Amino acid sequence: MQPSKNPASSIALRVASAMHQMGIDGLPRNYELVYEAYSGSNPELVREFIGLGKVKTQEALDALGRKYLPHHHEDGLLSRHNSKVRAEMSSFISLLNEEKVSLSDYGRLIGDASKVILTDGDIEHTELGQSIKALKAATEKRASQNSTVVRTVVGHTETLADVQREAEHAEVAKFVDPLTGMGSRRAFNKALAKVYAKPDMPVLCGLAVGEIDEFAKLSEQMGSTVADRFIKQIAKVVDAVAGNEDLACRFDGSRFGLLFYTSDQDEISRIVELVRSKLRATAVVNPASRGASGPLSMSFGICLSQQAPNAFDLLSYAERALASSKASGGDMVTIYGANDPSYVPKDWMIYKKQVV
């Protein structure tokens, strides 16, 4: 019996082969870029990737990566953080060294005063007065230095806290779409990977990818500023319908991903139709004519985790279903494999458990 192939290894081999054929260096950031372009899940990325031509320089790849995969180009931020931390720690060390010298001098002066005060026999008033005066002056200086040290330490601590907050904010921002505040494509991929943490028994879920029909034409009519407001409006509808139990993310343009933590096809279809019906009721006004552009339609492609052996294929199958919806004229929902005689039924997992 021939051993089954590991789907993840197969994908990795295909991407690595494509990189080798195109002469692209095997860097992690290049791999993910080619992976995204190869999957075809981001049409804008695919178009720009192809537009680089046959010879794709590292500079051009990095420019594309900074636009679509910014998490791989954080060296500048990390470098700034490291420089700040090093500068603050260097100041701390200098401060401690100064304190060490100052305390040593203060201790020596106390020692000299103690010798005078604790000397057997009578103490000359002049000598005693000089010792007390010197001790008082040194103590006042020490108190002033202590206040300065405290202020300096507080300042350094606040700076380091700012660096930490900036780093935490940058980490969170990786998973947030800056325009809508929804989860980003990276957040979606991260959640999707967890579905197949156990490849032989994936989490029962469904994935839907949706896109506004004729968005390119609408965007051109509205202008970029109005189009951005329009996307935010759509995002609120999608996010509100998805609720807290499921994950809604914006991929790019007017494309959104929904990860449903249920394999009930009817329930997934119900939620998708709810999104579509609410969007149809959303008014789209053409700024030029100030007239309504008609009802807003959105196409979807759906795939269940039972139908795909890995995260890559689950998303790819949903993308194929979406492409089928749009190719059929749009304003449609296509379930991957539904018209295929070999379509996997909803009770696939139950059946699988029975035959094991």
# chains A, B, ... in the order shown; residues from 1 in each chain; ligands from 1
$ residues_around --residues "Ala323 of chain A" --least-positions-apart "4" --cutoff "10 Å" --atoms "only C-alpha atoms" --output "JSON, numbers by chain"
{"A": [209, 210, 211, 299, 300, 301, 317, 318, 319, 327, 328, 330, 334]}
$ write_last_selection --atoms "C-alpha atoms" --output "PDB file, in the first residue's frame"
ATOM      1  CA  VAL A 209     -15.268  34.063   1.180  1.00  0.00           C
ATOM      2  CA  GLY A 210     -17.405  36.943  -0.055  1.00  0.00           C
ATOM      3  CA  GLU A 211     -16.854  39.836  -2.432  1.00  0.00           C
ATOM      4  CA  SER A 299     -21.209  36.782  -4.045  1.00  0.00           C
ATOM      5  CA  PHE A 300     -19.922  34.020  -1.784  1.00  0.00           C
ATOM      6  CA  GLY A 301     -18.030  30.772  -1.991  1.00  0.00           C
ATOM      7  CA  TYR A 317     -11.748  25.618  -2.489  1.00  0.00           C
ATOM      8  CA  ALA A 318     -13.812  28.454  -1.045  1.00  0.00           C
ATOM      9  CA  GLU A 319     -12.070  30.830  -3.469  1.00  0.00           C
ATOM     10  CA  ALA A 327     -18.500  33.666 -13.297  1.00  0.00           C
ATOM     11  CA  SER A 328     -22.204  32.843 -13.228  1.00  0.00           C
ATOM     12  CA  GLY A 330     -22.618  37.342  -9.460  1.00  0.00           C
ATOM     13  CA  THR A 334     -21.775  28.518  -4.384  1.00  0.00           C
TER      14      THR A 334
END
$ atom_distance --atom1 "atom CA of Leu207 of chain A" --atom2 "atom CA of Ala283 of chain A"
27.3 Å
$ atom_distance --atom1 "atom CA of Val195 of chain A" --atom2 "atom CA of Tyr336 of chain A"
18.1 Å
$ select_by_dssp --residues "segment 85-242 of chain A" --states "strand (DSSP E)" --output "list of chain:residue names"
A:Gly206, A:Leu207, A:Ala208, A:Val209, A:Gly210, A:Glu211, A:Ile212
$ residues_around --residues "segment 176-186 of chain A" --least-positions-apart "3" --cutoff "8 Å" --atoms "only C-alpha atoms" --output "list in words"
Val172, Ala173, Asn189, Lys190, Asp228, Ile231, Lys232, Ala235, Asp239, Leu247, Ala248, Cys249, Arg250, Phe251 and Asp252 of chain A
$ write_last_selection --atoms "N, CA, C and O atoms" --output "PDB file, in the first residue's frame"
ATOM      1  N   VAL A 172      -0.272  43.684  18.046  1.00  0.00           N
ATOM      2  CA  VAL A 172      -1.723  43.588  17.869  1.00  0.00           C
ATOM      3  C   VAL A 172      -2.118  44.056  16.468  1.00  0.00           C
ATOM      4  O   VAL A 172      -2.992  43.466  15.822  1.00  0.00           O
ATOM      5  N   ALA A 173      -1.455  45.117  15.987  1.00  0.00           N
ATOM      6  CA  ALA A 173      -1.796  45.699  14.688  1.00  0.00           C
ATOM      7  C   ALA A 173      -1.577  44.722  13.537  1.00  0.00           C
ATOM      8  O   ALA A 173      -2.210  44.851  12.482  1.00  0.00           O
ATOM      9  N   ASN A 189      -5.664  33.694   8.627  1.00  0.00           N
ATOM     10  CA  ASN A 189      -4.767  32.568   8.363  1.00  0.00           C
ATOM     11  C   ASN A 189      -4.346  31.867   9.658  1.00  0.00           C
ATOM     12  O   ASN A 189      -4.221  30.640   9.710  1.00  0.00           O
ATOM     13  N   LYS A 190      -4.138  32.665  10.702  1.00  0.00           N
ATOM     14  CA  LYS A 190      -3.743  32.104  11.991  1.00  0.00           C
ATOM     15  C   LYS A 190      -4.855  31.227  12.560  1.00  0.00           C
ATOM     16  O   LYS A 190      -4.597  30.116  13.046  1.00  0.00           O
ATOM     17  N   ASP A 228     -13.587  54.030   0.674  1.00  0.00           N
ATOM     18  CA  ASP A 228     -13.129  53.592   1.998  1.00  0.00           C
ATOM     19  C   ASP A 228     -14.277  53.623   3.011  1.00  0.00           C
ATOM     20  O   ASP A 228     -14.437  52.702   3.821  1.00  0.00           O
ATOM     21  N   ILE A 231     -16.477  50.698   2.319  1.00  0.00           N
ATOM     22  CA  ILE A 231     -15.933  49.437   2.830  1.00  0.00           C
ATOM     23  C   ILE A 231     -16.186  49.325   4.336  1.00  0.00           C
ATOM     24  O   ILE A 231     -16.534  48.262   4.852  1.00  0.00           O
ATOM     25  N   LYS A 232     -16.018  50.438   5.052  1.00  0.00           N
ATOM     26  CA  LYS A 232     -16.282  50.430   6.492  1.00  0.00           C
ATOM     27  C   LYS A 232     -17.733  50.094   6.777  1.00  0.00           C
ATOM     28  O   LYS A 232     -18.048  49.370   7.738  1.00  0.00           O
ATOM     29  N   ALA A 235     -18.172  46.421   6.215  1.00  0.00           N
ATOM     30  CA  ALA A 235     -17.510  45.687   7.303  1.00  0.00           C
ATOM     31  C   ALA A 235     -18.401  45.627   8.540  1.00  0.00           C
ATOM     32  O   ALA A 235     -18.469  44.585   9.207  1.00  0.00           O
ATOM     33  N   ASP A 239     -19.487  42.115  10.099  1.00  0.00           N
ATOM     34  CA  ASP A 239     -19.042  41.848  11.470  1.00  0.00           C
ATOM     35  C   ASP A 239     -20.221  41.647  12.411  1.00  0.00           C
ATOM     36  O   ASP A 239     -20.202  40.770  13.280  1.00  0.00           O
ATOM     37  N   LEU A 247     -15.594  34.128  13.246  1.00  0.00           N
ATOM     38  CA  LEU A 247     -14.550  35.100  12.923  1.00  0.00           C
ATOM     39  C   LEU A 247     -14.826  35.751  11.577  1.00  0.00           C
ATOM     40  O   LEU A 247     -15.023  35.053  10.570  1.00  0.00           O
ATOM     41  N   ALA A 248     -14.858  37.083  11.565  1.00  0.00           N
ATOM     42  CA  ALA A 248     -15.035  37.829  10.325  1.00  0.00           C
ATOM     43  C   ALA A 248     -13.803  38.688  10.100  1.00  0.00           C
ATOM     44  O   ALA A 248     -13.373  39.415  10.991  1.00  0.00           O
ATOM     45  N   CYS A 249     -13.202  38.593   8.919  1.00  0.00           N
ATOM     46  CA  CYS A 249     -11.991  39.352   8.601  1.00  0.00           C
ATOM     47  C   CYS A 249     -12.112  39.972   7.214  1.00  0.00           C
ATOM     48  O   CYS A 249     -12.858  39.487   6.361  1.00  0.00           O
ATOM     49  N   ARG A 250     -11.380  41.055   7.023  1.00  0.00           N
ATOM     50  CA  ARG A 250     -11.303  41.662   5.693  1.00  0.00           C
ATOM     51  C   ARG A 250      -9.991  41.230   5.058  1.00  0.00           C
ATOM     52  O   ARG A 250      -8.925  41.376   5.658  1.00  0.00           O
ATOM     53  N   PHE A 251     -10.069  40.704   3.849  1.00  0.00           N
ATOM     54  CA  PHE A 251      -8.872  40.278   3.148  1.00  0.00           C
ATOM     55  C   PHE A 251      -8.212  41.460   2.434  1.00  0.00           C
ATOM     56  O   PHE A 251      -7.082  41.823   2.697  1.00  0.00           O
ATOM     57  N   ASP A 252      -8.937  42.047   1.498  1.00  0.00           N
ATOM     58  CA  ASP A 252      -8.453  43.174   0.710  1.00  0.00           C
ATOM     59  C   ASP A 252      -9.631  43.682  -0.115  1.00  0.00           C
ATOM     60  O   ASP A 252     -10.606  42.964  -0.319  1.00  0.00           O
TER      61      ASP A 252
END
$ residues_around --residues "Ile302 of chain A" --least-positions-apart "5" --cutoff "12 Å" --atoms "only C-alpha atoms" --output "PyMOL selection string"
chain A and resi 205-210+257-260+263-266+268-269+271-273+307-308+314-325+332-338
$ select_by_dssp --residues "segment 153-350 of chain A" --states "helix (DSSP H, G or I)" --output "PyMOL selection string"
chain A and resi 153-173+185-195+215-222+224-242+265-280+305-307+311-327+348-350
$ residues_around --residues "segment 99-110 of chain A" --least-positions-apart "3" --cutoff "9 Å" --atoms "only C-alpha atoms" --output "number ranges by chain"
A: 94-96, 113-115, 131, 134-135, 138-139, 142, 145-146, 149
$ write_last_selection --atoms "N, CA and C atoms" --output "short mmCIF file (atom, residue, chain, number, x, y, z; two decimals), in the first residue's frame"
data_model
loop_
_atom_site.label_atom_id
_atom_site.label_comp_id
_atom_site.auth_asym_id
_atom_site.auth_seq_id
_atom_site.Cartn_x
_atom_site.Cartn_y
_atom_site.Cartn_z
N SER A 94 25.25 53.86 33.73
CA SER A 94 26.04 55.06 34.06
C SER A 94 25.57 55.67 35.38
N LEU A 95 24.25 55.71 35.55
CA LEU A 95 23.68 56.27 36.77
C LEU A 95 24.09 55.46 37.99
N LEU A 96 24.07 54.14 37.87
CA LEU A 96 24.46 53.27 38.98
C LEU A 96 25.94 53.44 39.31
N ALA A 113 34.16 61.76 59.94
CA ALA A 113 33.44 62.47 61.00
C ALA A 113 33.31 61.59 62.24
N SER A 114 33.11 60.31 62.02
CA SER A 114 32.97 59.38 63.15
C SER A 114 34.26 59.30 63.96
N LYS A 115 35.38 59.33 63.26
CA LYS A 115 36.67 59.26 63.96
C LYS A 115 36.84 60.46 64.89
N SER A 131 33.63 69.12 61.38
CA SER A 131 33.14 67.78 61.04
C SER A 131 31.62 67.78 60.85
N ALA A 134 30.71 69.66 57.64
CA ALA A 134 31.01 68.85 56.45
C ALA A 134 29.98 67.72 56.29
N LEU A 135 29.60 67.10 57.43
CA LEU A 135 28.63 66.00 57.40
C LEU A 135 27.26 66.52 56.96
N ALA A 138 27.36 67.28 53.19
CA ALA A 138 27.38 66.03 52.41
C ALA A 138 26.01 65.35 52.43
N THR A 139 25.32 65.41 53.58
CA THR A 139 24.00 64.79 53.70
C THR A 139 22.98 65.51 52.82
N ARG A 142 23.66 64.59 49.39
CA ARG A 142 23.21 63.22 49.15
C ARG A 142 21.69 63.15 48.95
N GLN A 145 20.91 64.49 45.54
CA GLN A 145 21.27 63.50 44.52
C GLN A 145 20.25 62.36 44.48
N ASN A 146 19.77 61.98 45.67
CA ASN A 146 18.76 60.92 45.72
C ASN A 146 17.50 61.33 44.95
N VAL A 149 18.22 61.12 41.30
CA VAL A 149 18.26 59.71 40.89
C VAL A 149 16.85 59.17 40.70
#
